[in-house]
Every structure is written in C-alpha cells, then in structure tokens.
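Structure file final.pdb; described as PDB, C-alpha atoms and all ligand atoms.
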ATOM      1  CA  MET A   1       2.280 -22.232   0.891  1.00  0.00           C
ATOM      2  CA  LYS A   2       1.439 -19.349   3.237  1.00  0.00           C
ATOM      3  CA  LEU A   3       0.536 -16.835   0.560  1.00  0.00           C
ATOM      4  CA  ARG A   4      -3.125 -15.952   0.167  1.00  0.00           C
ATOM      5  CA  PHE A   5      -4.651 -13.496  -2.266  1.00  0.00           C
ATOM      6  CA  ALA A   6      -5.970 -10.837   0.119  1.00  0.00           C
ATOM      7  CA  GLU A   7      -9.717 -10.310   0.022  1.00  0.00           C
ATOM      8  CA  LEU A   8     -11.046  -6.782  -0.213  1.00  0.00           C
ATOM      9  CA  PRO A   9     -12.483  -5.500   3.065  1.00  0.00           C
ATOM     10  CA  TYR A  10     -15.431  -3.911   1.171  1.00  0.00           C
ATOM     11  CA  ARG A  11     -17.548  -4.429  -1.971  1.00  0.00           C
ATOM     12  CA  THR A  12     -16.074  -3.642  -5.366  1.00  0.00           C
ATOM     13  CA  ASP A  13     -18.428  -0.642  -5.748  1.00  0.00           C
ATOM     14  CA  ALA A  14     -17.882   0.647  -2.201  1.00  0.00           C
ATOM     15  CA  LEU A  15     -15.393   3.387  -3.095  1.00  0.00           C
ATOM     16  CA  GLU A  16     -17.575   5.076  -5.703  1.00  0.00           C
ATOM     17  CA  PRO A  17     -17.749   7.807  -6.860  1.00  0.00           C
ATOM     18  CA  HIS A  18     -14.109   8.476  -5.927  1.00  0.00           C
ATOM     19  CA  TYR A  19     -12.841   5.147  -7.225  1.00  0.00           C
ATOM     20  CA  SER A  20     -15.140   3.472  -9.740  1.00  0.00           C
ATOM     21  CA  GLU A  21     -16.062  -0.198  -9.636  1.00  0.00           C
ATOM     22  CA  GLU A  22     -14.678  -0.587 -13.156  1.00  0.00           C
ATOM     23  CA  MET A  23     -11.279   0.778 -12.146  1.00  0.00           C
ATOM     24  CA  LEU A  24     -11.223  -1.118  -8.864  1.00  0.00           C
ATOM     25  CA  LYS A  25     -12.013  -4.446 -10.544  1.00  0.00           C
ATOM     26  CA  LEU A  26      -9.347  -3.939 -13.189  1.00  0.00           C
ATOM     27  CA  HIS A  27      -6.802  -2.917 -10.590  1.00  0.00           C
ATOM     28  CA  TYR A  28      -7.608  -5.621  -8.024  1.00  0.00           C
ATOM     29  CA  GLN A  29      -8.692  -8.576 -10.149  1.00  0.00           C
ATOM     30  CA  LYS A  30      -6.216  -8.089 -13.003  1.00  0.00           C
ATOM     31  CA  HIS A  31      -3.141  -6.106 -11.903  1.00  0.00           C
ATOM     32  CA  HIS A  32      -2.941  -7.140  -8.243  1.00  0.00           C
ATOM     33  CA  ARG A  33      -3.953 -10.708  -9.108  1.00  0.00           C
ATOM     34  CA  ALA A  34      -1.260 -10.969 -11.813  1.00  0.00           C
ATOM     35  CA  TYR A  35       1.458  -9.961  -9.330  1.00  0.00           C
ATOM     36  CA  PHE A  36       0.137 -12.578  -6.899  1.00  0.00           C
ATOM     37  CA  ASP A  37      -0.071 -15.370  -9.474  1.00  0.00           C
ATOM     38  CA  LYS A  38       3.433 -14.611 -10.761  1.00  0.00           C
ATOM     39  CA  THR A  39       4.834 -14.635  -7.212  1.00  0.00           C
ATOM     40  CA  VAL A  40       3.257 -18.044  -6.540  1.00  0.00           C
ATOM     41  CA  GLU A  41       4.632 -19.371  -9.828  1.00  0.00           C
ATOM     42  CA  LEU A  42       8.144 -18.139  -8.985  1.00  0.00           C
ATOM     43  CA  ILE A  43       8.321 -19.581  -5.441  1.00  0.00           C
ATOM     44  CA  GLN A  44       6.716 -22.969  -6.112  1.00  0.00           C
ATOM     45  CA  GLY A  45       9.248 -25.749  -5.565  1.00  0.00           C
ATOM     46  CA  THR A  46      11.865 -23.356  -4.132  1.00  0.00           C
ATOM     47  CA  ASP A  47      13.148 -22.747  -0.593  1.00  0.00           C
ATOM     48  CA  LEU A  48      10.855 -19.725  -0.395  1.00  0.00           C
ATOM     49  CA  GLU A  49       7.648 -21.711  -0.971  1.00  0.00           C
ATOM     50  CA  ASP A  50       6.606 -21.784   2.698  1.00  0.00           C
ATOM     51  CA  GLN A  51       7.872 -18.345   3.681  1.00  0.00           C
ATOM     52  CA  THR A  52       5.653 -15.396   4.510  1.00  0.00           C
ATOM     53  CA  LEU A  53       5.271 -12.636   1.931  1.00  0.00           C
ATOM     54  CA  GLU A  54       7.522 -10.374   4.021  1.00  0.00           C
ATOM     55  CA  GLN A  55      10.252 -13.024   4.191  1.00  0.00           C
ATOM     56  CA  ILE A  56      10.056 -13.604   0.436  1.00  0.00           C
ATOM     57  CA  ILE A  57      10.370  -9.870  -0.286  1.00  0.00           C
ATOM     58  CA  LYS A  58      13.353  -9.441   2.047  1.00  0.00           C
ATOM     59  CA  ALA A  59      15.130 -12.492   0.622  1.00  0.00           C
ATOM     60  CA  ALA A  60      14.531 -11.418  -2.977  1.00  0.00           C
ATOM     61  CA  ALA A  61      15.672  -7.849  -2.225  1.00  0.00           C
ATOM     62  CA  LYS A  62      19.118  -9.178  -1.292  1.00  0.00           C
ATOM     63  CA  ASP A  63      19.583 -11.297  -4.420  1.00  0.00           C
ATOM     64  CA  ARG A  64      20.133  -9.578  -7.762  1.00  0.00           C
ATOM     65  CA  LYS A  65      19.041 -12.726  -9.592  1.00  0.00           C
ATOM     66  CA  GLN A  66      15.635 -12.452  -7.917  1.00  0.00           C
ATOM     67  CA  THR A  67      14.584  -9.078  -9.314  1.00  0.00           C
ATOM     68  CA  THR A  68      11.464 -10.467 -10.985  1.00  0.00           C
ATOM     69  CA  LEU A  69      10.395 -12.173  -7.764  1.00  0.00           C
ATOM     70  CA  PHE A  70      11.103  -9.023  -5.759  1.00  0.00           C
ATOM     71  CA  ASN A  71       9.069  -6.866  -8.134  1.00  0.00           C
ATOM     72  CA  ASN A  72       6.047  -9.173  -8.103  1.00  0.00           C
ATOM     73  CA  ALA A  73       6.106 -10.062  -4.386  1.00  0.00           C
ATOM     74  CA  ALA A  74       6.620  -6.443  -3.334  1.00  0.00           C
ATOM     75  CA  GLN A  75       3.765  -5.373  -5.585  1.00  0.00           C
ATOM     76  CA  VAL A  76       1.513  -7.928  -3.837  1.00  0.00           C
ATOM     77  CA  TRP A  77       2.496  -6.467  -0.446  1.00  0.00           C
ATOM     78  CA  ASN A  78       2.093  -2.884  -1.686  1.00  0.00           C
ATOM     79  CA  HIS A  79      -1.381  -3.591  -3.051  1.00  0.00           C
ATOM     80  CA  ASP A  80      -2.443  -5.514   0.073  1.00  0.00           C
ATOM     81  CA  LEU A  81      -1.684  -2.323   1.998  1.00  0.00           C
ATOM     82  CA  PHE A  82      -3.154  -0.016  -0.648  1.00  0.00           C
ATOM     83  CA  TRP A  83      -6.611  -1.652  -0.451  1.00  0.00           C
ATOM     84  CA  ARG A  84      -6.476  -1.346   3.342  1.00  0.00           C
ATOM     85  CA  SER A  85      -5.312   2.245   3.166  1.00  0.00           C
ATOM     86  CA  VAL A  86      -8.711   3.188   1.720  1.00  0.00           C
ATOM     87  CA  MET A  87     -12.301   2.778   2.830  1.00  0.00           C
ATOM     88  CA  PRO A  88     -15.761   4.084   1.908  1.00  0.00           C
ATOM     89  CA  ASP A  89     -16.347   7.552   3.421  1.00  0.00           C
ATOM     90  CA  GLY A  90     -12.715   7.874   4.454  1.00  0.00           C
ATOM     91  CA  GLY A  91     -10.248  10.710   4.085  1.00  0.00           C
ATOM     92  CA  GLY A  92      -9.814  14.026   5.802  1.00  0.00           C
ATOM     93  CA  GLU A  93      -8.190  14.526   9.154  1.00  0.00           C
ATOM     94  CA  PRO A  94      -6.882  11.489  11.037  1.00  0.00           C
ATOM     95  CA  GLU A  95      -7.831   9.872  14.308  1.00  0.00           C
ATOM     96  CA  ALA A  96      -6.793  11.603  17.527  1.00  0.00           C
ATOM     97  CA  GLU A  97      -4.134   8.921  18.210  1.00  0.00           C
ATOM     98  CA  LEU A  98      -2.174  10.147  15.193  1.00  0.00           C
ATOM     99  CA  SER A  99      -2.894  13.859  15.251  1.00  0.00           C
ATOM    100  CA  GLU A 100      -0.425  14.607  18.045  1.00  0.00           C
ATOM    101  CA  LEU A 101       2.437  12.937  16.166  1.00  0.00           C
ATOM    102  CA  ILE A 102       1.399  14.629  12.931  1.00  0.00           C
ATOM    103  CA  GLU A 103       1.555  18.019  14.614  1.00  0.00           C
ATOM    104  CA  ARG A 104       4.977  17.215  16.065  1.00  0.00           C
ATOM    105  CA  ASP A 105       6.492  15.828  12.851  1.00  0.00           C
ATOM    106  CA  PHE A 106       4.740  17.861  10.139  1.00  0.00           C
ATOM    107  CA  GLY A 107       3.420  20.902  11.996  1.00  0.00           C
ATOM    108  CA  SER A 108      -0.205  20.277  11.038  1.00  0.00           C
ATOM    109  CA  TYR A 109      -2.484  17.946   9.115  1.00  0.00           C
ATOM    110  CA  SER A 110      -2.499  20.337   6.144  1.00  0.00           C
ATOM    111  CA  GLU A 111       1.299  20.173   5.954  1.00  0.00           C
ATOM    112  CA  LEU A 112       1.195  16.378   6.047  1.00  0.00           C
ATOM    113  CA  ARG A 113      -1.428  16.456   3.302  1.00  0.00           C
ATOM    114  CA  GLU A 114       0.721  18.768   1.197  1.00  0.00           C
ATOM    115  CA  SER A 115       3.812  16.606   1.693  1.00  0.00           C
ATOM    116  CA  LEU A 116       2.037  13.348   0.803  1.00  0.00           C
ATOM    117  CA  LYS A 117       0.453  14.972  -2.244  1.00  0.00           C
ATOM    118  CA  ASP A 118       3.789  16.391  -3.316  1.00  0.00           C
ATOM    119  CA  HIS A 119       5.449  12.963  -3.141  1.00  0.00           C
ATOM    120  CA  ALA A 120       2.546  11.325  -4.986  1.00  0.00           C
ATOM    121  CA  VAL A 121       2.295  13.879  -7.781  1.00  0.00           C
ATOM    122  CA  ASN A 122       6.044  14.265  -8.294  1.00  0.00           C
ATOM    123  CA  GLN A 123       7.016  10.583  -8.209  1.00  0.00           C
ATOM    124  CA  PHE A 124       8.285  10.358 -11.792  1.00  0.00           C
ATOM    125  CA  GLY A 125       6.788   7.398 -13.613  1.00  0.00           C
ATOM    126  CA  SER A 126       5.420   4.364 -11.775  1.00  0.00           C
ATOM    127  CA  GLY A 127       5.660   4.079  -8.021  1.00  0.00           C
ATOM    128  CA  TRP A 128       4.138   4.727  -4.646  1.00  0.00           C
ATOM    129  CA  ALA A 129       3.728   7.474  -2.076  1.00  0.00           C
ATOM    130  CA  TRP A 130       3.797   6.464   1.581  1.00  0.00           C
ATOM    131  CA  LEU A 131       3.234   7.688   5.080  1.00  0.00           C
ATOM    132  CA  VAL A 132       5.909   5.895   7.104  1.00  0.00           C
ATOM    133  CA  PHE A 133       7.006   5.555  10.726  1.00  0.00           C
ATOM    134  CA  ASP A 134      10.682   4.831  11.449  1.00  0.00           C
ATOM    135  CA  GLY A 135      10.221   3.921  15.110  1.00  0.00           C
ATOM    136  CA  SER A 136      10.219   7.493  16.335  1.00  0.00           C
ATOM    137  CA  LYS A 137       9.146   9.834  13.552  1.00  0.00           C
ATOM    138  CA  LEU A 138       6.471  10.052  10.864  1.00  0.00           C
ATOM    139  CA  SER A 139       7.384  11.110   7.348  1.00  0.00           C
ATOM    140  CA  ALA A 140       6.076  11.119   3.799  1.00  0.00           C
ATOM    141  CA  THR A 141       8.119   9.459   1.110  1.00  0.00           C
ATOM    142  CA  SER A 142       7.877   7.902  -2.334  1.00  0.00           C
ATOM    143  CA  THR A 143       9.436   4.916  -4.078  1.00  0.00           C
ATOM    144  CA  GLY A 144       9.765   3.877  -7.707  1.00  0.00           C
ATOM    145  CA  ASN A 145       8.159   0.808  -9.297  1.00  0.00           C
ATOM    146  CA  ALA A 146       7.767  -1.966  -6.675  1.00  0.00           C
ATOM    147  CA  ASP A 147      10.156  -0.611  -4.049  1.00  0.00           C
ATOM    148  CA  ASN A 148       8.635  -0.189  -0.598  1.00  0.00           C
ATOM    149  CA  PRO A 149       9.386   0.918   2.994  1.00  0.00           C
ATOM    150  CA  LEU A 150       9.478  -2.691   4.236  1.00  0.00           C
ATOM    151  CA  VAL A 151      12.910  -3.270   2.681  1.00  0.00           C
ATOM    152  CA  HIS A 152      14.144   0.048   4.080  1.00  0.00           C
ATOM    153  CA  GLY A 153      13.291  -0.912   7.656  1.00  0.00           C
ATOM    154  CA  LYS A 154      10.314   1.413   8.026  1.00  0.00           C
ATOM    155  CA  THR A 155       6.684   0.760   8.883  1.00  0.00           C
ATOM    156  CA  ALA A 156       4.325   1.866   6.128  1.00  0.00           C
ATOM    157  CA  LEU A 157       1.111   3.332   7.528  1.00  0.00           C
ATOM    158  CA  LEU A 158      -0.488   4.378   4.219  1.00  0.00           C
ATOM    159  CA  ALA A 159       0.210   3.247   0.658  1.00  0.00           C
ATOM    160  CA  LEU A 160      -0.858   5.388  -2.292  1.00  0.00           C
ATOM    161  CA  ASP A 161      -0.462   3.689  -5.662  1.00  0.00           C
ATOM    162  CA  VAL A 162       0.585   6.174  -8.351  1.00  0.00           C
ATOM    163  CA  TRP A 163       1.105   3.688 -11.156  1.00  0.00           C
ATOM    164  CA  GLU A 164      -1.081   4.834 -14.058  1.00  0.00           C
ATOM    165  CA  HIS A 165      -3.120   1.612 -13.778  1.00  0.00           C
ATOM    166  CA  ALA A 166      -4.270   2.849 -10.363  1.00  0.00           C
ATOM    167  CA  TYR A 167      -6.064   5.931 -11.686  1.00  0.00           C
ATOM    168  CA  TYR A 168      -6.148   6.130 -15.481  1.00  0.00           C
ATOM    169  CA  VAL A 169      -9.676   4.753 -16.012  1.00  0.00           C
ATOM    170  CA  ASP A 170     -11.313   7.447 -13.864  1.00  0.00           C
ATOM    171  CA  TYR A 171      -8.778  10.260 -13.906  1.00  0.00           C
ATOM    172  CA  GLN A 172      -6.787   9.765 -17.144  1.00  0.00           C
ATOM    173  CA  ASN A 173      -3.653  11.932 -16.871  1.00  0.00           C
ATOM    174  CA  ARG A 174      -4.965  13.913 -13.874  1.00  0.00           C
ATOM    175  CA  ARG A 175      -2.911  12.250 -11.154  1.00  0.00           C
ATOM    176  CA  ALA A 176      -3.285  15.216  -8.800  1.00  0.00           C
ATOM    177  CA  GLU A 177      -7.089  14.896  -8.893  1.00  0.00           C
ATOM    178  CA  TYR A 178      -6.822  11.197  -8.003  1.00  0.00           C
ATOM    179  CA  VAL A 179      -4.454  12.047  -5.146  1.00  0.00           C
ATOM    180  CA  ASP A 180      -6.941  14.650  -3.849  1.00  0.00           C
ATOM    181  CA  ALA A 181      -9.733  12.044  -3.932  1.00  0.00           C
ATOM    182  CA  PHE A 182      -7.541   9.572  -2.068  1.00  0.00           C
ATOM    183  CA  LEU A 183      -6.581  12.068   0.636  1.00  0.00           C
ATOM    184  CA  ASP A 184      -9.951  13.760   1.079  1.00  0.00           C
ATOM    185  CA  ASN A 185     -12.410  10.906   0.547  1.00  0.00           C
ATOM    186  CA  LEU A 186     -10.746   7.522   0.867  1.00  0.00           C
ATOM    187  CA  VAL A 187      -7.923   7.330   3.422  1.00  0.00           C
ATOM    188  CA  ASN A 188      -8.496   4.761   6.162  1.00  0.00           C
ATOM    189  CA  TRP A 189      -6.875   6.449   9.159  1.00  0.00           C
ATOM    190  CA  ARG A 190      -8.174   3.795  11.541  1.00  0.00           C
ATOM    191  CA  HIS A 191      -6.021   1.203   9.758  1.00  0.00           C
ATOM    192  CA  ALA A 192      -3.003   3.533   9.839  1.00  0.00           C
ATOM    193  CA  VAL A 193      -3.473   3.936  13.597  1.00  0.00           C
ATOM    194  CA  GLU A 194      -3.553   0.140  14.030  1.00  0.00           C
ATOM    195  CA  LEU A 195      -0.299  -0.257  12.082  1.00  0.00           C
ATOM    196  CA  MET A 196       1.250   2.517  14.144  1.00  0.00           C
ATOM    197  CA  ALA A 197       0.213   0.794  17.378  1.00  0.00           C
ATOM    198  CA  GLY A 198       1.756  -2.451  16.106  1.00  0.00           C
ATOM    199  CA  ALA A 199       5.007  -0.662  15.284  1.00  0.00           C
ATOM    200  CA  ARG A 200       5.119   0.930  18.716  1.00  0.00           C
ATOM    201  CA  ARG A 201       4.680  -2.451  20.372  1.00  0.00           C
ATOM    202  CA  GLY A 202       7.944  -3.301  18.664  1.00  0.00           C
ATOM    203  CA  SER A 203       6.749  -5.713  16.023  1.00  0.00           C
ATOM    204  CA  GLU A 204       8.869  -5.800  12.908  1.00  0.00           C
ATOM    205  CA  PRO A 205       7.529  -3.645  10.051  1.00  0.00           C
ATOM    206  CA  GLY A 206       4.832  -5.523   8.212  1.00  0.00           C
ATOM    207  CA  MET A 207       4.941  -8.599  10.445  1.00  0.00           C
ATOM    208  CA  LYS A 208       1.665  -7.812  12.146  1.00  0.00           C
ATOM    209  CA  ARG A 209      -0.227  -8.403   8.940  1.00  0.00           C
ATOM    210  CA  ALA A 210       1.714 -11.594   8.229  1.00  0.00           C
ATOM    211  CA  ALA A 211       0.875 -12.912  11.678  1.00  0.00           C
ATOM    212  CA  GLY A 212      -2.789 -12.145  11.068  1.00  0.00           C
ATOM    213  CA  GLY A 213      -2.740 -14.396   8.044  1.00  0.00           C
ATOM    214  CA  ARG A 214      -1.585 -17.449   9.983  1.00  0.00           C
ATOM    215  CA  SER A 215      -3.774 -19.930  11.772  1.00  0.00           C
ATOM    216  CA  ARG A 216      -4.620 -18.953  15.323  1.00  0.00           C
ATOM    217  CA  SER A 217      -4.234 -22.476  16.709  1.00  0.00           C
TER     218      SER A 217
HETATM  219 FE    FE A 301      -1.541  -0.873  -8.602  1.00  0.00          FE
END
In structure tokens, what does this structure look like?
Ligand code: FE
Amino acid sequence: MKLRFAELPYRTDALEPHYSEEMLKLHYQKHHRAYFDKTVELIQGTDLEDQTLEQIIKAAAKDRKQTTLFNNAAQVWNHDLFWRSVMPDGGGEPEAELSELIERDFGSYSELRESLKDHAVNQFGSGWAWLVFDGSKLSATSTGNADNPLVHGKTALLALDVWEHAYYVDYQNRRAEYVDAFLDNLVNWRHAVELMAGARRGSEPGMKRAAGGRSRS
C-alpha cells in the first residue's frame, strides 16, 4: 500500500487566528482522516491496492461503479493540497516567479484575487476553488463536491476548500470572510511556485507529490 495519511507541515495551532486549532483539528483529524480511511478500506484486496493516490483517482474517475472510491480518494488528494496551500503568515501577493504570469493571464494580482474569491464564494454547495495551470495559462476555477483539476488534465497550484466543514466553526455562514482570510493571511505561494515549476518541467499534474511520497532508494 502506497497511501500515507499526509502529515501537516505545521502545528495544529499554527494558522491561528485565521484558522482556529479547533476547526483545523476537526477538519484534518476527522473529515480528512475519514476520507483517507474509507479510501484504504475500498482499495484493500483490489487491483488498486498498490497504486498511487493519483492512479487510484484517475482509475475511479473512469468507472461509474467506483463513484464512492472516486469521491473519497479525490477528497484525500484535495485535502493534501489544501493543507499545503496554506501556511502561518501567508497570503497577500505571490512570489516574483508567479507575478509575471499573473499579470499576463489576469492583468494584476488584485484581478486574480477577485476571480479566485468569486469562484470560492459562488461555488453553490460543497466544493473547491482552485488556481490552475494548463501547461501554458493560469486560471481560477471551481469544482463541485470531490471533483478536482487532476482529472481534467490541469495542474492545481492552490486548493481552497469551500465545503462548510472547512469554515463553519470559525466563520459560520460567512464564507466570504473565510475566503478573505485564506487569500490575505494564509496562502502558501512558495508551494504554488514549486508546483508550477514541476508542471513546467513537464511532470504529469500531481505526480510530483506522488513521487515525493515514494522511497528514494
Ligand atoms: Fe474539507
């Protein structure tokens, strides 16, 4: 079994006051963990048991009988990226490596911010907002439920969880306030730049992280 429950790259209280320890623990240890445990349960003893998370998601996406597996496995992948899309003292304008592309594809950082916020706030019901790279162009997008850019052939650079479980403890129904906190105080642009660099080197979307999880021998 290649799947591992991804460790957080910071302490559970590290994102306060923008993301409380209570909400983070519930989200990471209960919601994210449940998706992981269910995925493991569903692949044990099947042909997918020794596949990477990306391979499992792509296989399940093609098979209508595997909707439950797709939903759980994709949610594991989405959350793995979500926790790495944020950091203590993050947010604001991105690293120089990205700012040129942002100006070309959005016009300015403030237009990118507006577009990401728009997708996050207006995603009806549960889902995700994303900053994605399609090999040549950056764009903001959103998906419903567990759906993600990986199965649409795009590289996700940032994942913003807009399921209610992601913000309700701290922000109740005020999704826009949570999105502001994410964009202005939490975004990990350094990680987005690394994913972008991986995509430009021609690695398949998402495969860089899978490779990092394997033994280096
Ligand atoms: Fe979530």
Can you list, as an mmCIF file with C-alpha atoms, keeping the file's coordinate frame, every protein, DNA or RNA residue that comes within 9 Å of segment 188-197 of chain A when you count only C-alpha atoms, leaving out same-chain residues fewer than 5 positions away?
data_model
loop_
_atom_site.group_PDB
_atom_site.id
_atom_site.type_symbol
_atom_site.label_atom_id
_atom_site.label_comp_id
_atom_site.auth_asym_id
_atom_site.auth_seq_id
_atom_site.Cartn_x
_atom_site.Cartn_y
_atom_site.Cartn_z
ATOM 1 C CA ARG A 84 -6.476 -1.346 3.342
ATOM 2 C CA SER A 85 -5.312 2.245 3.166
ATOM 3 C CA VAL A 86 -8.711 3.188 1.720
ATOM 4 C CA MET A 87 -12.301 2.778 2.830
ATOM 5 C CA PRO A 88 -15.761 4.084 1.908
ATOM 6 C CA ASP A 89 -16.347 7.552 3.421
ATOM 7 C CA GLY A 90 -12.715 7.874 4.454
ATOM 8 C CA GLY A 91 -10.248 10.710 4.085
ATOM 9 C CA GLY A 92 -9.814 14.026 5.802
ATOM 10 C CA GLU A 93 -8.190 14.526 9.154
ATOM 11 C CA PRO A 94 -6.882 11.489 11.037
ATOM 12 C CA GLU A 95 -7.831 9.872 14.308
ATOM 13 C CA GLU A 97 -4.134 8.921 18.210
ATOM 14 C CA LEU A 98 -2.174 10.147 15.193
ATOM 15 C CA LEU A 131 3.234 7.688 5.080
ATOM 16 C CA PHE A 133 7.006 5.555 10.726
ATOM 17 C CA THR A 155 6.684 0.760 8.883
ATOM 18 C CA ALA A 156 4.325 1.866 6.128
ATOM 19 C CA LEU A 157 1.111 3.332 7.528
ATOM 20 C CA LEU A 158 -0.488 4.378 4.219
ATOM 21 C CA GLY A 202 7.944 -3.301 18.664
ATOM 22 C CA PRO A 205 7.529 -3.645 10.051
ATOM 23 C CA GLY A 206 4.832 -5.523 8.212
ATOM 24 C CA LYS A 208 1.665 -7.812 12.146
ATOM 25 C CA ARG A 209 -0.227 -8.403 8.940
#
(message) Could you list, as a list in words, all residues that come within 9 Å of ligand FE 301 (chain A)? Count all atoms listed in the file.
(response) His27, Tyr28, His31, His32, Gln75, Asn78, His79, Phe82, Gly127, Trp128, Leu160, Asp161, Val162, Trp163, Glu164, His165, Ala166 and Tyr167 of chain A
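Coordinates place atom CA of Thr46 of chain A at a distance of 13.9 Å from atom CA of Lys65 of chain A.
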(request) Compare A:His152, A:Leu138, A:Leu15, A:Ala129 by their minimum atom-to-atom distance to Lys62 of chain A, counting all atoms listed in the file, and give me the closest one. (result) A:His152
(message) Between atom CA of His18 of chain A and atom CA of Ser142 of chain A, what is the distance in Å, rounded to a tenth?
(response) 22.3 Å
(message) Calculated over only C-alpha atoms, which of the candidates A:Leu150, A:Glu111, A:Tyr168, A:Lys2 has the smallest distance to Leu24 of chain A?
(response)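 Selected residue with least distance to Leu24 of chain A: A:Tyr168.
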(request) For atom CA of Glu177 of chain A and atom CA of Glu22 of chain A, quote the distance in Å rounded to one decimal. (result)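 Separation of atom CA of Glu177 of chain A and atom CA of Glu22 of chain A: 17.8 Å.
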